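Q: My questions all concern the structure below.
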Amino acid sequence: MTIKKAYDELENEGYILTRQGKGSIVAPTNLEFIKEPKQKEIEIYMTKILEIANQYNISNREVLDLLKFMMESDK
């Protein structure tokens, strides 16, 4: 029963796909799983940006406008 539980857990976490009569295979890469740590890293930087903006009385609107400008310039 332990192996069955392990397979069930791997499938629930998205690591494998199980098909009745065919067995289990490694699942395609879960892009959300890969993106999550990078999104957290961005969140850390954005928090620091907001802290600096607050320190120098730069409004959230000004920060957002700057971000939008930078995103448009990057195209």
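Residues in the structure tokens are numbered from 1 in each chain, the chains being A, B, ... in the order shown, and ligands are numbered from 1 in the order shown.
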From a DSSP calculation on the backbone, collect every residue of chain A in helix (DSSP H, G or I) and output the set as a PyMOL selection string.

A: chain A and resi 2-12+31-55+60-73

Q: Determine which residues of chain A receive a DSSP assignment of strand (DSSP E or B), computed from the backbone, and state them as a VMD selection string.

A: chain A and resid 16 to 19 23 to 26

Q: Neighbours of Asn60 of chain A within 12 Å (only C-alpha atoms; same-chain residues fewer than 5 positions away dropped), as a list in words?

A: Met46, Thr47, Ile49, Leu50, Glu51, Ile52, Ala53, Asn54, Gln55, Asp65, Leu66 and Leu67 of chain A

Q: Residues at most 10 Å from segment 25-30 of chain A, counting only C-alpha atoms, excluding those fewer than 3 positions away in the same chain, as a VMD selection string?

A: chain A and resid 10 to 11 13 to 19 22 33 to 35
